[in-house]
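Have a look at the structure below before the remarks.
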There are 2 protein chains.
Amino acid sequence: MGDGARQTLDVPRIDKGLDDIYVKETSICYVDGERGRLLYRGYDIRELAEKSSFEETAYLLLHGQLPNRSELEAMRADLGAARQLSPDILAFLRKMPKDAAPIDVVKTVVSLLGMSDPDRKDSSPEGNLRSARRILGGLSAIVAAYDRIRRGKRPVPADPARMHAEDFLRLVVGRKPSKDAARVMDAAMVLYADHSMNASTFAATVAASTLADLSSAIVAAVAALKGPLHGGAIEAAFNTVRTIGRPEAAEAFVREVLRNRGKVFGFGHRVYKTYDPRALIFREYARRLCAKAGASDLFQTAEAVQETVVRELQSKQIYPNVDFYSGLVFHALGLPSDLSTAVFAMSRAAGWSAHVIEYWKDNRILRPLDYYVGPKDAAYVPLAERP
Amino acid sequence: MGDGARQTLDVPRIDKGLDDIYVKETSICYVDGERGRLLYRGYDIRELAEKSSFEETAYLLLHGQLPNRSELEAMRADLGAARQLSPDILAFLRKMPKDAAPIDVVKTVVSLLGMSDPDRKDSSPEGNLRSARRILGGLSAIVAAYDRIRRGKRPVPADPARMHAEDFLRLVVGRKPSKDAARVMDAAMVLYADHSMNASTFAATVAASTLADLSSAIVAAVAALKGPLHGGAIEAAFNTVRTIGRPEAAEAFVREVLRNRGKVFGFGHRVYKTYDPRALIFREYARRLCAKAGASDLFQTAEAVQETVVRELQSKQIYPNVDFYSGLVFHALGLPSDLSTAVFAMSRAAGWSAHVIEYWKDNRILRPLDYYVGPKDAAYVPLAERP
């Protein structure tokens, strides 16, 4: 906002990044950047992280209200069924390059699963809601199975009776997680389940606006999530902290990065002008889990990085965002650090689906303009006469 | 444009569809909607369709200028090399469901190929240009091989010495095409190679803006292309004409669709207020090739549809777009009608890559806003107390 009338002279205004452009009305997610609040369907994220589960929150995002007992049980059963990968999909995962980025495997296999979704030609809201559950269940199972396979281990069969997040952790680590670990994994997936119109949700919306199917929209979102300016930031932030290694080294490292106009991953957000509420929750999880895992040095290093960044960039109101401490939490839960973007995807797929289904209620193809500044009368020169 | 100052009251302006929002400057493609002109890098599309080839036009879009002889030969060699699919990829294509939409196979396999691209971690313009050539070559070969396999035929090995479009046609049809057929296929790929900031190019740009890699951006574009409001329109338009079947039935059919406020696919465009120049060229190809193929009835039916739509919707300036006659051309060339979205993709991948590489020169993450209209203070009710 702020610069008044849209320019209508020869050179139009260019809305690079679309920072202050609203593309739709929504009743899914509210980010109060001034007060550091985040709501899903009106519910405060802090309360959901503490009391809700991923399946309940995904239901809330998709259906607009909290489920009753039988609705929640049906949701859990659907996710559990979708976690059971077919032998074909497992065979396919075994053929993936062992050094692939897990998020690329997710992108490929979600596209593959979409081709055999029984509702792929049903564009009704009900059909899409069924597809969304299959995607959510399948995604977690793909991430876990690929991770086992690339480490030379046997994929673990899903247990449809378990909570979704707990079962995911079990499928990766290979044994039943502690109650605390399962609880934190669940809360982490709740915290990552949506965040209004970020770049991946927007990519999904653009693809969906051509009336492509839900699976294709999710694939577009996964493609966007891969970038280090988006989902890739969790791993980048974690690697920074791990590289620094000890709290005493943090200040010099950060100051050197900032002096070279470099970027410290996991900090800053276009909307939040204060602490991201998710970052505050992840910080407490990180503190507790790192202590348990004997990795308190890592946590203290992260805290020292935060202190330096917040102090040095005070005038710019730069604070840790959701991706800064979550990498430490995933590490302490036993997840390989390069799995974090994929974990982000399997959580955010709830929000992606909810936003796409909402957009389709009043669809309009998303087709902005670009402003041409090149030549307009180039003369075609035959090949033989070119320099 | 038109409605003056952006609203700054409580309720912001919602730019649904982003119709009049400019997201970047470009020197790739210029659409003159008033005069019905289309330029690639300043060259008129009519001249390129007549004189250029797909490899030359792709070079022009990617590099900004026409290639000299050795540059063109290198481009052709790179595309030819990339058309040679590995046994692994062929084995994978054999496992695809035989009833999959070819565009879904493209989406999946482009994602798969990206994982083994030797330049996948090289984000320099040179690395991206090499990746773009691999994607262009691989895409055509995937489309052709999958089509053969699903029809129970053996994939034909690529011939790297041939022109790209000619070899694609040979790989699908199984024999060397006539000179005329090869020429029309080449021109068709030139005509589909770019069209400024359409929805698929925009999806690619959104994904790319997070600094995801080129392959991921192309996958996002393919996802968006699938929709019937975008690439899916070629097949939808062709099916309409085929369903009508004879010229005499066209008028009644079209009037009935319009009376029911239905959509006639292959008509109308946000930018063109007159005939799309590509539609005029495709129309002449369709006339000639349908006559040769003994399908003049189909062409005359299409013309009758056009006449009725243009007459009935005169006040709205609705004209056939690029997708209306191209389906007839692909049909006359021997391509199955459900392959047309995939043919669109393997041509447009040139433009997608060029736009992404251009955007990265001055990158900014694309993150618009959505306007929250839902509740802000929902109270969490424990499961046992829910109705």
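Letters A, B, ... mark the chains of the structure tokens in the order given; residue numbers begin at 1 per chain; ligand numbers begin at 1, in order shown.
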Mind listing the helix (DSSP H, G or I) residues of region 15-53 of chain B, per DSSP on the backbone, as a short mmCIF file (atom, residue, chain, number, x, y, z; two decimals) with N, CA, C and O atoms, in the first residue's frame?
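Everything below was put into selection00.cif:
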```cif
data_model
loop_
_atom_site.label_atom_id
_atom_site.label_comp_id
_atom_site.auth_asym_id
_atom_site.auth_seq_id
_atom_site.Cartn_x
_atom_site.Cartn_y
_atom_site.Cartn_z
N LYS B 16 -8.47 -10.33 -7.83
CA LYS B 16 -8.73 -11.72 -8.25
C LYS B 16 -8.22 -11.91 -9.67
O LYS B 16 -8.53 -11.14 -10.56
N GLY B 17 -7.45 -12.96 -9.86
CA GLY B 17 -6.94 -13.25 -11.21
C GLY B 17 -5.74 -12.40 -11.59
O GLY B 17 -5.08 -12.69 -12.58
N LEU B 18 -5.46 -11.36 -10.82
CA LEU B 18 -4.31 -10.47 -11.08
C LEU B 18 -4.33 -9.89 -12.50
O LEU B 18 -3.27 -9.59 -13.08
N ILE B 45 5.93 -13.42 -34.87
CA ILE B 45 5.68 -14.85 -34.83
C ILE B 45 5.35 -15.42 -36.22
O ILE B 45 5.67 -16.57 -36.53
N ARG B 46 4.75 -14.59 -37.09
CA ARG B 46 4.41 -15.09 -38.42
C ARG B 46 5.67 -15.40 -39.22
O ARG B 46 5.74 -16.39 -39.94
N GLU B 47 6.67 -14.56 -39.04
CA GLU B 47 7.93 -14.80 -39.75
C GLU B 47 8.66 -16.01 -39.15
O GLU B 47 9.22 -16.83 -39.88
N LEU B 48 8.64 -16.11 -37.82
CA LEU B 48 9.31 -17.26 -37.19
C LEU B 48 8.63 -18.57 -37.57
O LEU B 48 9.29 -19.58 -37.83
N ALA B 49 7.30 -18.59 -37.62
CA ALA B 49 6.58 -19.82 -37.97
C ALA B 49 6.94 -20.25 -39.38
O ALA B 49 7.05 -21.45 -39.68
N GLU B 50 7.19 -19.28 -40.23
CA GLU B 50 7.48 -19.61 -41.63
C GLU B 50 8.94 -20.00 -41.84
O GLU B 50 9.25 -20.93 -42.58
N LYS B 51 9.83 -19.28 -41.16
CA LYS B 51 11.26 -19.42 -41.50
C LYS B 51 12.10 -20.12 -40.45
O LYS B 51 13.18 -20.60 -40.75
#
```
Within 10 Å of Leu93 (chain B) using only C-alpha atoms, minus same-chain residues under 6 positions, as a list in words: Pro87, Val105, Val106, Thr108, Val109, Ile142, Val143, Ala145, Tyr146, Asp147, Ile149 and Arg150 of chain B
All residues 6 Å or closer to region 133-141 of chain B, only C-alpha atoms, same chain fewer than 5 positions away omitted, as a list in words: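 Residues near the query, excluding close chain neighbours: Leu79, Ala82, Arg83 and Met346 of chain B.
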Listing only residues of region 269-326 of chain A within 10 Å of region 232-236 of chain A, what is the closest atom pair and its distance in Å (to one decimal) for each, using only C-alpha atoms, sorted by chain and residue number ascending, as a tab-separated table?
```
residue	atom	partner	partner_atom	distance
A:Asn321	CA	A:Ile234	CA	9.8
A:Val322	CA	A:Ile234	CA	8.4
A:Asp323	CA	A:Ile234	CA	4.6
A:Phe324	CA	A:Ile234	CA	6.3
A:Tyr325	CA	A:Ile234	CA	8.1
A:Ser326	CA	A:Ile234	CA	6.8
```
Nearby residues (only C-alpha atoms) at most 9 Å from Asp213 (chain B), same-chain spacing under 6 positions excluded, as an MDAnalysis selection string: (chainID A and resid 223 226:227) or (chainID B and resid 114 120:123 128 207)
Proximity to Arg130 (chain A) - best of A:Ala144, A:Gly266, A:Asp159, A:Ser353, only C-alpha atoms: A:Ser353
Nearest residue to Leu366 (chain B) from the set A:Tyr319, A:Phe202, A:Phe253, A:Tyr192 (distances using only C-alpha atoms):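 Using only C-alpha atoms, the shortest distance to Leu366 (chain B) belongs to A:Phe202.
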Residue contacts of region 162-165 of chain B (9 Å, only C-alpha atoms) excluding same-chain residues fewer than 5 positions away, as a VMD selection string: chain B and resid 53 to 55 76 79 to 80 83 137 140 170 182 to 189
Using only C-alpha atoms: which of B:Gly327, B:Pro160, B:Gly268, B:Gly64 has the shortest distance to chain A: B:Gly64
